[in-house]
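Asks: Contents of work_18.pdb (PDB, C-alpha atoms) are below:
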```
ATOM      1  CA  MET A   1       0.000   0.000   0.000
ATOM      2  CA  THR A   2       1.032   3.595  -0.568
ATOM      3  CA  THR A   3       1.071   6.035   2.343
ATOM      4  CA  ALA A   4      -2.209   7.524   1.137
ATOM      5  CA  GLN A   5      -3.854   4.104   0.894
ATOM      6  CA  GLU A   6      -2.749   3.174   4.394
ATOM      7  CA  PHE A   7      -3.974   6.450   5.858
ATOM      8  CA  TRP A   8      -7.404   6.435   4.208
ATOM      9  CA  GLU A   9      -8.100   2.723   4.640
ATOM     10  CA  THR A  10      -7.461   3.191   8.361
ATOM     11  CA  PHE A  11      -9.512   6.386   8.396
ATOM     12  CA  TYR A  12     -12.594   4.662   6.979
ATOM     13  CA  SER A  13     -12.119   1.331   8.744
ATOM     14  CA  GLU A  14     -12.246   2.930  12.182
ATOM     15  CA  ARG A  15     -15.930   3.889  11.754
ATOM     16  CA  ASP A  16     -18.942   2.300  10.115
ATOM     17  CA  GLN A  17     -19.796   5.596   8.416
ATOM     18  CA  VAL A  18     -17.766   8.784   8.264
ATOM     19  CA  TRP A  19     -19.822  11.213   6.178
ATOM     20  CA  SER A  20     -23.508  12.126   6.192
ATOM     21  CA  GLY A  21     -24.315  10.571   2.823
ATOM     22  CA  LYS A  22     -25.659  13.908   1.597
ATOM     23  CA  PRO A  23     -24.129  15.529  -1.483
ATOM     24  CA  ASN A  24     -21.771  18.466  -1.086
ATOM     25  CA  PRO A  25     -23.834  21.677  -1.401
ATOM     26  CA  LEU A  26     -21.262  23.325  -3.661
ATOM     27  CA  LEU A  27     -21.500  20.469  -6.148
ATOM     28  CA  VAL A  28     -25.303  20.527  -6.004
ATOM     29  CA  ARG A  29     -25.382  24.251  -6.681
ATOM     30  CA  GLU A  30     -23.037  24.003  -9.651
ATOM     31  CA  ALA A  31     -24.163  20.700 -11.208
ATOM     32  CA  GLU A  32     -27.938  20.964 -10.914
ATOM     33  CA  ARG A  33     -28.000  23.343 -13.877
ATOM     34  CA  LEU A  34     -26.041  20.964 -16.116
ATOM     35  CA  THR A  35     -27.426  18.407 -18.546
ATOM     36  CA  PRO A  36     -26.618  14.886 -17.279
ATOM     37  CA  GLY A  37     -23.991  12.896 -19.141
ATOM     38  CA  SER A  38     -20.863  11.100 -18.000
ATOM     39  CA  ALA A  39     -19.348  12.124 -14.661
ATOM     40  CA  LEU A  40     -16.088  11.394 -12.869
ATOM     41  CA  ASP A  41     -16.093  11.948  -9.105
ATOM     42  CA  ILE A  42     -12.503  11.943  -7.844
ATOM     43  CA  GLY A  43     -12.061  11.383  -4.134
ATOM     44  CA  CYS A  44     -15.645  10.115  -4.023
ATOM     45  CA  ALA A  45     -15.357   8.740  -0.466
ATOM     46  CA  GLU A  46     -18.560   6.964   0.595
ATOM     47  CA  GLY A  47     -20.456   8.104  -2.479
ATOM     48  CA  GLY A  48     -22.722  10.945  -1.364
ATOM     49  CA  ASP A  49     -22.009  13.020  -4.469
ATOM     50  CA  ALA A  50     -21.869  10.037  -6.827
ATOM     51  CA  VAL A  51     -25.274   8.778  -5.703
ATOM     52  CA  TRP A  52     -26.820  12.253  -6.033
ATOM     53  CA  LEU A  53     -25.460  12.578  -9.557
ATOM     54  CA  ALA A  54     -26.709   9.099 -10.490
ATOM     55  CA  LYS A  55     -30.173   9.976  -9.215
ATOM     56  CA  ARG A  56     -30.160  12.921 -11.611
ATOM     57  CA  GLY A  57     -29.313  10.705 -14.561
ATOM     58  CA  TRP A  58     -25.541  10.962 -14.706
ATOM     59  CA  ARG A  59     -23.410   7.919 -15.582
ATOM     60  CA  VAL A  60     -20.982   8.100 -12.703
ATOM     61  CA  LEU A  61     -17.523   6.707 -12.107
ATOM     62  CA  GLY A  62     -16.429   7.219  -8.510
ATOM     63  CA  VAL A  63     -12.728   7.048  -7.694
ATOM     64  CA  ASP A  64     -11.048   6.855  -4.317
ATOM     65  CA  VAL A  65      -7.838   5.527  -2.809
ATOM     66  CA  SER A  66      -9.784   3.609  -0.136
ATOM     67  CA  GLN A  67     -11.466   0.343  -1.083
ATOM     68  CA  VAL A  68     -13.469   0.490   2.150
ATOM     69  CA  ALA A  69     -14.944   3.821   1.048
ATOM     70  CA  LEU A  70     -15.664   2.518  -2.460
ATOM     71  CA  ASP A  71     -17.467  -0.544  -1.118
ATOM     72  CA  ARG A  72     -19.679   1.750   0.938
ATOM     73  CA  ALA A  73     -20.341   3.956  -2.091
ATOM     74  CA  VAL A  74     -21.557   0.947  -4.096
ATOM     75  CA  LYS A  75     -23.731  -0.148  -1.157
ATOM     76  CA  HIS A  76     -25.250   3.316  -0.785
ATOM     77  CA  ALA A  77     -25.991   3.473  -4.509
ATOM     78  CA  PHE A  78     -27.728   0.090  -4.368
ATOM     79  CA  GLU A  79     -29.790   1.232  -1.391
ATOM     80  CA  ALA A  80     -30.748   4.385  -3.301
ATOM     81  CA  GLY A  81     -31.821   2.356  -6.340
ATOM     82  CA  VAL A  82     -29.142   3.657  -8.697
ATOM     83  CA  GLU A  83     -25.974   2.293 -10.251
ATOM     84  CA  ILE A  84     -22.493   3.757 -10.124
ATOM     85  CA  SER A  85     -19.147   2.404 -11.223
ATOM     86  CA  VAL A  86     -16.097   2.652  -8.975
ATOM     87  CA  GLU A  87     -12.349   2.303  -9.382
ATOM     88  CA  GLN A  88      -9.595   2.384  -6.796
ATOM     89  CA  HIS A  89      -6.791   4.809  -7.628
ATOM     90  CA  ASP A  90      -4.055   6.553  -5.733
ATOM     91  CA  LEU A  91      -4.423   9.536  -8.032
ATOM     92  CA  LYS A  92      -0.822  10.630  -7.774
ATOM     93  CA  VAL A  93       0.095   7.252  -9.305
ATOM     94  CA  THR A  94      -2.789   6.295 -11.613
ATOM     95  CA  PHE A  95      -5.824   8.055 -13.067
ATOM     96  CA  PRO A  96      -8.995   6.667 -14.689
ATOM     97  CA  GLU A  97      -9.113   6.632 -18.472
ATOM     98  CA  GLY A  98     -11.551   8.460 -20.695
ATOM     99  CA  LEU A  99     -13.202  11.854 -21.098
ATOM    100  CA  TYR A 100     -16.190  13.018 -19.047
ATOM    101  CA  ASP A 101     -18.871  15.680 -19.337
ATOM    102  CA  LEU A 102     -18.348  16.488 -15.669
ATOM    103  CA  VAL A 103     -15.311  16.017 -13.470
ATOM    104  CA  SER A 104     -15.902  16.782  -9.798
ATOM    105  CA  ALA A 105     -13.219  17.255  -7.162
ATOM    106  CA  GLN A 106     -14.847  18.148  -3.857
ATOM    107  CA  PHE A 107     -12.642  18.867  -0.846
ATOM    108  CA  LEU A 108      -9.668  17.023  -2.248
ATOM    109  CA  HIS A 109      -7.534  17.761   0.804
ATOM    110  CA  SER A 110      -5.275  15.207   2.450
ATOM    111  CA  PRO A 111      -3.022  15.449   5.526
ATOM    112  CA  VAL A 112      -0.636  12.996   3.856
ATOM    113  CA  GLU A 113      -0.422  14.553   0.406
ATOM    114  CA  GLU A 114       2.977  15.281  -1.084
ATOM    115  CA  ASP A 115       4.046  18.758  -2.148
ATOM    116  CA  GLY A 116       2.329  19.617  -5.440
ATOM    117  CA  GLU A 117       0.250  16.432  -5.435
ATOM    118  CA  ARG A 118      -3.156  18.143  -5.421
ATOM    119  CA  ASN A 119      -2.136  20.492  -8.210
ATOM    120  CA  SER A 120      -0.987  17.666 -10.455
ATOM    121  CA  ILE A 121      -4.172  15.680  -9.773
ATOM    122  CA  LEU A 122      -6.365  18.662 -10.646
ATOM    123  CA  ARG A 123      -4.394  19.264 -13.845
ATOM    124  CA  ARG A 124      -4.969  15.636 -14.779
ATOM    125  CA  ALA A 125      -8.652  16.088 -13.892
ATOM    126  CA  SER A 126      -8.913  19.001 -16.318
ATOM    127  CA  GLU A 127      -7.418  16.812 -19.048
ATOM    128  CA  ALA A 128     -10.271  14.332 -18.462
ATOM    129  CA  VAL A 129     -12.971  16.905 -19.280
ATOM    130  CA  ALA A 130     -14.640  16.355 -22.648
ATOM    131  CA  PRO A 131     -15.284  19.270 -25.021
ATOM    132  CA  GLY A 132     -18.325  21.127 -23.703
ATOM    133  CA  GLY A 133     -17.800  19.637 -20.256
ATOM    134  CA  HIS A 134     -17.145  21.103 -16.832
ATOM    135  CA  LEU A 135     -14.644  20.767 -14.004
ATOM    136  CA  ILE A 136     -16.002  21.662 -10.564
ATOM    137  CA  VAL A 137     -13.483  22.089  -7.745
ATOM    138  CA  GLY A 138     -14.762  22.691  -4.225
ATOM    139  CA  GLY A 139     -12.353  23.259  -1.374
ATOM    140  CA  HIS A 140     -12.042  24.639   2.114
ATOM    141  CA  ALA A 141     -10.663  28.160   2.428
ATOM    142  CA  GLY A 142      -9.419  27.574   5.970
ATOM    143  CA  ALA A 143      -9.580  25.287   8.979
ATOM    144  CA  PRO A 144     -12.095  25.765  11.823
ATOM    145  CA  SER A 145     -10.702  26.811  15.189
ATOM    146  CA  TRP A 146     -10.966  23.306  16.646
ATOM    147  CA  SER A 147      -9.135  21.606  13.778
ATOM    148  CA  GLU A 148      -5.697  20.106  14.289
ATOM    149  CA  HIS A 149      -4.774  21.155  10.762
ATOM    150  CA  GLN A 150      -4.235  24.874  11.376
ATOM    151  CA  ASP A 151      -0.923  24.789   9.517
ATOM    152  CA  TYR A 152      -2.437  23.227   6.375
ATOM    153  CA  TYR A 153      -2.426  25.596   3.401
ATOM    154  CA  PHE A 154      -5.808  25.754   1.727
ATOM    155  CA  PRO A 155      -5.422  26.884  -1.905
ATOM    156  CA  THR A 156      -7.501  29.778  -3.216
ATOM    157  CA  THR A 157      -9.421  29.610  -6.481
ATOM    158  CA  LYS A 158      -6.656  31.773  -7.994
ATOM    159  CA  ASP A 159      -4.091  29.219  -6.855
ATOM    160  CA  VAL A 160      -6.085  26.442  -8.507
ATOM    161  CA  LEU A 161      -6.491  28.399 -11.760
ATOM    162  CA  ASP A 162      -2.812  29.316 -11.855
ATOM    163  CA  HIS A 163      -1.763  25.681 -11.439
ATOM    164  CA  LEU A 164      -4.312  24.366 -13.946
ATOM    165  CA  LYS A 165      -2.695  26.463 -16.697
ATOM    166  CA  LEU A 166      -5.824  26.236 -18.833
ATOM    167  CA  ALA A 167      -5.640  27.160 -22.508
ATOM    168  CA  ASP A 168      -7.943  29.659 -24.202
ATOM    169  CA  ASN A 169     -10.510  26.956 -24.951
ATOM    170  CA  TRP A 170     -11.713  27.234 -21.346
ATOM    171  CA  ILE A 171     -13.937  29.771 -19.592
ATOM    172  CA  VAL A 172     -14.519  30.389 -15.896
ATOM    173  CA  VAL A 173     -18.170  29.855 -14.962
ATOM    174  CA  THR A 174     -17.951  30.262 -11.172
ATOM    175  CA  ASP A 175     -15.153  31.672  -8.986
ATOM    176  CA  GLU A 176     -16.479  32.331  -5.494
ATOM    177  CA  VAL A 177     -15.872  32.131  -1.778
ATOM    178  CA  VAL A 178     -18.994  30.824  -0.044
ATOM    179  CA  GLU A 179     -19.674  31.264   3.668
ATOM    180  CA  ARG A 180     -21.797  28.924   5.743
ATOM    181  CA  PRO A 181     -22.486  28.465   9.469
ATOM    182  CA  LEU A 182     -20.603  25.646  11.156
ATOM    183  CA  VAL A 183     -21.040  24.047  14.569
ATOM    184  CA  GLY A 184     -18.038  22.358  16.151
ATOM    185  CA  PRO A 185     -17.857  19.144  18.179
ATOM    186  CA  ASP A 186     -18.318  21.049  21.436
ATOM    187  CA  GLY A 187     -21.033  23.346  20.143
ATOM    188  CA  GLN A 188     -18.731  26.073  18.866
ATOM    189  CA  GLU A 189     -20.504  28.310  16.390
ATOM    190  CA  GLU A 190     -18.417  29.688  13.558
ATOM    191  CA  THR A 191     -18.631  30.689   9.919
ATOM    192  CA  ARG A 192     -16.705  28.532   7.484
ATOM    193  CA  LYS A 193     -15.487  29.717   4.110
ATOM    194  CA  ASP A 194     -15.257  27.383   1.144
ATOM    195  CA  ASN A 195     -13.963  28.001  -2.372
ATOM    196  CA  VAL A 196     -15.802  26.896  -5.492
ATOM    197  CA  LEU A 197     -14.369  27.037  -8.979
ATOM    198  CA  THR A 198     -16.244  25.815 -12.056
ATOM    199  CA  VAL A 199     -14.585  25.949 -15.462
ATOM    200  CA  LYS A 200     -15.964  24.859 -18.836
ATOM    201  CA  ARG A 201     -14.011  23.412 -21.730
ATOM    202  CA  LEU A 202     -15.392  24.971 -24.897
ATOM    203  CA  PHE A 203     -13.776  22.674 -27.472
TER     204      PHE A 203
END
```
Kindly present the structure from the file in structure tokens form.
Replies:
Amino acid sequence: MTTAQEFWETFYSERDQVWSGKPNPLLVREAERLTPGSALDIGCAEGGDAVWLAKRGWRVLGVDVSQVALDRAVKHAFEAGVEISVEQHDLKVTFPEGLYDLVSAQFLHSPVEEDGERNSILRRASEAVAPGGHLIVGGHAGAPSWSEHQDYYFPTTKDVLDHLKLADNWIVVTDEVVERPLVGPDGQEETRKDNVLTVKRLF
């Protein structure tokens, strides 16, 4: 196993369910206006986004480094009455083949990522977008006060765009910082900022 595989397999194996099962609001906001086609969900975790997309008629491939998470994603899709495909990838090593009408990368943050790893994965994700398709990148803009990851650098949308190095056959659809209320494990009330970047490949 790679370091990332070891970390995330342990992360998911320690609990029966980690995430709520609900889709990420940033993805919902950006994707609900799109016509369903083929979708690639990188870092799909337990499948909340993949299942939501499948319910809306997308043909979804979910990718994660953790097989435990992928097994749960398939189970959740079955329970929801939809089908998704899954593949296990450590994305810094391998990447799924093909072109997709939608590539989604939601909160692709990792405490064990190597320097430049996220940037290279997102560049590869942009290369997987079909002509006329979209890349949606959602990410945290900072850590909450109770997080142990205060020293983690959260890239801005400008950082992401700069590293993507997109050609002139792309346009920016959404480039925003979104604020939402957040309640911590001990009842702390804060406002959390998240970044959302949606770009469209024209041809």
Asks: Mind checking which residues fall within 7 Å of segment 171-186 of chain A, counting all atoms listed in the file, ignoring those fewer than 6 positions away in the same chain, and posting them as a ChimeraX atom specification?
Replies: /A:157,192-201
Asks: Just say which residues the PyMOL selection byres ((chain A and resi 71) around 12) picks in this file, as a PDB file with C-alpha atoms, in the coordinates of the input.
Replies:
```pdb
ATOM      1  CA  GLU A   9      -8.100   2.723   4.640  1.00  0.00           C
ATOM      2  CA  TYR A  12     -12.594   4.662   6.979  1.00  0.00           C
ATOM      3  CA  SER A  13     -12.119   1.331   8.744  1.00  0.00           C
ATOM      4  CA  ASP A  16     -18.942   2.300  10.115  1.00  0.00           C
ATOM      5  CA  GLN A  17     -19.796   5.596   8.416  1.00  0.00           C
ATOM      6  CA  CYS A  44     -15.645  10.115  -4.023  1.00  0.00           C
ATOM      7  CA  ALA A  45     -15.357   8.740  -0.466  1.00  0.00           C
ATOM      8  CA  GLU A  46     -18.560   6.964   0.595  1.00  0.00           C
ATOM      9  CA  GLY A  47     -20.456   8.104  -2.479  1.00  0.00           C
ATOM     10  CA  GLY A  62     -16.429   7.219  -8.510  1.00  0.00           C
ATOM     11  CA  VAL A  63     -12.728   7.048  -7.694  1.00  0.00           C
ATOM     12  CA  ASP A  64     -11.048   6.855  -4.317  1.00  0.00           C
ATOM     13  CA  VAL A  65      -7.838   5.527  -2.809  1.00  0.00           C
ATOM     14  CA  SER A  66      -9.784   3.609  -0.136  1.00  0.00           C
ATOM     15  CA  GLN A  67     -11.466   0.343  -1.083  1.00  0.00           C
ATOM     16  CA  VAL A  68     -13.469   0.490   2.150  1.00  0.00           C
ATOM     17  CA  ALA A  69     -14.944   3.821   1.048  1.00  0.00           C
ATOM     18  CA  LEU A  70     -15.664   2.518  -2.460  1.00  0.00           C
ATOM     19  CA  ARG A  72     -19.679   1.750   0.938  1.00  0.00           C
ATOM     20  CA  ALA A  73     -20.341   3.956  -2.091  1.00  0.00           C
ATOM     21  CA  VAL A  74     -21.557   0.947  -4.096  1.00  0.00           C
ATOM     22  CA  LYS A  75     -23.731  -0.148  -1.157  1.00  0.00           C
ATOM     23  CA  HIS A  76     -25.250   3.316  -0.785  1.00  0.00           C
ATOM     24  CA  ALA A  77     -25.991   3.473  -4.509  1.00  0.00           C
ATOM     25  CA  PHE A  78     -27.728   0.090  -4.368  1.00  0.00           C
ATOM     26  CA  ILE A  84     -22.493   3.757 -10.124  1.00  0.00           C
ATOM     27  CA  SER A  85     -19.147   2.404 -11.223  1.00  0.00           C
ATOM     28  CA  VAL A  86     -16.097   2.652  -8.975  1.00  0.00           C
ATOM     29  CA  GLU A  87     -12.349   2.303  -9.382  1.00  0.00           C
ATOM     30  CA  GLN A  88      -9.595   2.384  -6.796  1.00  0.00           C
TER      31      GLN A  88
END
```
Asks: Separation of atom CA of His163 of chain A and atom CA of Met1 of chain A, in Å?
Replies: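 Calculated distance between atom CA of His163 of chain A and atom CA of Met1 of chain A is 28.2 Å.
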Asks: May I have the protein, DNA and RNA residues with an atom at most 9 Å from (-8.3, 11.8, -18.4), counting only C-alpha atoms in the file's coordinates, returned as an NGL selection string?
Replies: :A and (95-100 or 124-130)
Asks: Running the PyMOL selection byres ((chain A and resi 104) around 7) on this model by hand, what would come out? Give it as a list of chain:residue names.
Replies: A:Leu40, A:Asp41, A:Ile42, A:Leu102, A:Val103, A:Ala105, A:Gln106, A:Leu135, A:Ile136, A:Val137
Asks: Pull segment 106-159 of chain A out of the block and emit C-alpha atoms, as a PDB file, in the first residue's frame.
Replies:
```pdb
ATOM      1  CA  GLN A 106     -14.847  18.148  -3.857  1.00  0.00           C
ATOM      2  CA  PHE A 107     -12.642  18.867  -0.846  1.00  0.00           C
ATOM      3  CA  LEU A 108      -9.668  17.023  -2.248  1.00  0.00           C
ATOM      4  CA  HIS A 109      -7.534  17.761   0.804  1.00  0.00           C
ATOM      5  CA  SER A 110      -5.275  15.207   2.450  1.00  0.00           C
ATOM      6  CA  PRO A 111      -3.022  15.449   5.526  1.00  0.00           C
ATOM      7  CA  VAL A 112      -0.636  12.996   3.856  1.00  0.00           C
ATOM      8  CA  GLU A 113      -0.422  14.553   0.406  1.00  0.00           C
ATOM      9  CA  GLU A 114       2.977  15.281  -1.084  1.00  0.00           C
ATOM     10  CA  ASP A 115       4.046  18.758  -2.148  1.00  0.00           C
ATOM     11  CA  GLY A 116       2.329  19.617  -5.440  1.00  0.00           C
ATOM     12  CA  GLU A 117       0.250  16.432  -5.435  1.00  0.00           C
ATOM     13  CA  ARG A 118      -3.156  18.143  -5.421  1.00  0.00           C
ATOM     14  CA  ASN A 119      -2.136  20.492  -8.210  1.00  0.00           C
ATOM     15  CA  SER A 120      -0.987  17.666 -10.455  1.00  0.00           C
ATOM     16  CA  ILE A 121      -4.172  15.680  -9.773  1.00  0.00           C
ATOM     17  CA  LEU A 122      -6.365  18.662 -10.646  1.00  0.00           C
ATOM     18  CA  ARG A 123      -4.394  19.264 -13.845  1.00  0.00           C
ATOM     19  CA  ARG A 124      -4.969  15.636 -14.779  1.00  0.00           C
ATOM     20  CA  ALA A 125      -8.652  16.088 -13.892  1.00  0.00           C
ATOM     21  CA  SER A 126      -8.913  19.001 -16.318  1.00  0.00           C
ATOM     22  CA  GLU A 127      -7.418  16.812 -19.048  1.00  0.00           C
ATOM     23  CA  ALA A 128     -10.271  14.332 -18.462  1.00  0.00           C
ATOM     24  CA  VAL A 129     -12.971  16.905 -19.280  1.00  0.00           C
ATOM     25  CA  ALA A 130     -14.640  16.355 -22.648  1.00  0.00           C
ATOM     26  CA  PRO A 131     -15.284  19.270 -25.021  1.00  0.00           C
ATOM     27  CA  GLY A 132     -18.325  21.127 -23.703  1.00  0.00           C
ATOM     28  CA  GLY A 133     -17.800  19.637 -20.256  1.00  0.00           C
ATOM     29  CA  HIS A 134     -17.145  21.103 -16.832  1.00  0.00           C
ATOM     30  CA  LEU A 135     -14.644  20.767 -14.004  1.00  0.00           C
ATOM     31  CA  ILE A 136     -16.002  21.662 -10.564  1.00  0.00           C
ATOM     32  CA  VAL A 137     -13.483  22.089  -7.745  1.00  0.00           C
ATOM     33  CA  GLY A 138     -14.762  22.691  -4.225  1.00  0.00           C
ATOM     34  CA  GLY A 139     -12.353  23.259  -1.374  1.00  0.00           C
ATOM     35  CA  HIS A 140     -12.042  24.639   2.114  1.00  0.00           C
ATOM     36  CA  ALA A 141     -10.663  28.160   2.428  1.00  0.00           C
ATOM     37  CA  GLY A 142      -9.419  27.574   5.970  1.00  0.00           C
ATOM     38  CA  ALA A 143      -9.580  25.287   8.979  1.00  0.00           C
ATOM     39  CA  PRO A 144     -12.095  25.765  11.823  1.00  0.00           C
ATOM     40  CA  SER A 145     -10.702  26.811  15.189  1.00  0.00           C
ATOM     41  CA  TRP A 146     -10.966  23.306  16.646  1.00  0.00           C
ATOM     42  CA  SER A 147      -9.135  21.606  13.778  1.00  0.00           C
ATOM     43  CA  GLU A 148      -5.697  20.106  14.289  1.00  0.00           C
ATOM     44  CA  HIS A 149      -4.774  21.155  10.762  1.00  0.00           C
ATOM     45  CA  GLN A 150      -4.235  24.874  11.376  1.00  0.00           C
ATOM     46  CA  ASP A 151      -0.923  24.789   9.517  1.00  0.00           C
ATOM     47  CA  TYR A 152      -2.437  23.227   6.375  1.00  0.00           C
ATOM     48  CA  TYR A 153      -2.426  25.596   3.401  1.00  0.00           C
ATOM     49  CA  PHE A 154      -5.808  25.754   1.727  1.00  0.00           C
ATOM     50  CA  PRO A 155      -5.422  26.884  -1.905  1.00  0.00           C
ATOM     51  CA  THR A 156      -7.501  29.778  -3.216  1.00  0.00           C
ATOM     52  CA  THR A 157      -9.421  29.610  -6.481  1.00  0.00           C
ATOM     53  CA  LYS A 158      -6.656  31.773  -7.994  1.00  0.00           C
ATOM     54  CA  ASP A 159      -4.091  29.219  -6.855  1.00  0.00           C
TER      55      ASP A 159
END
```
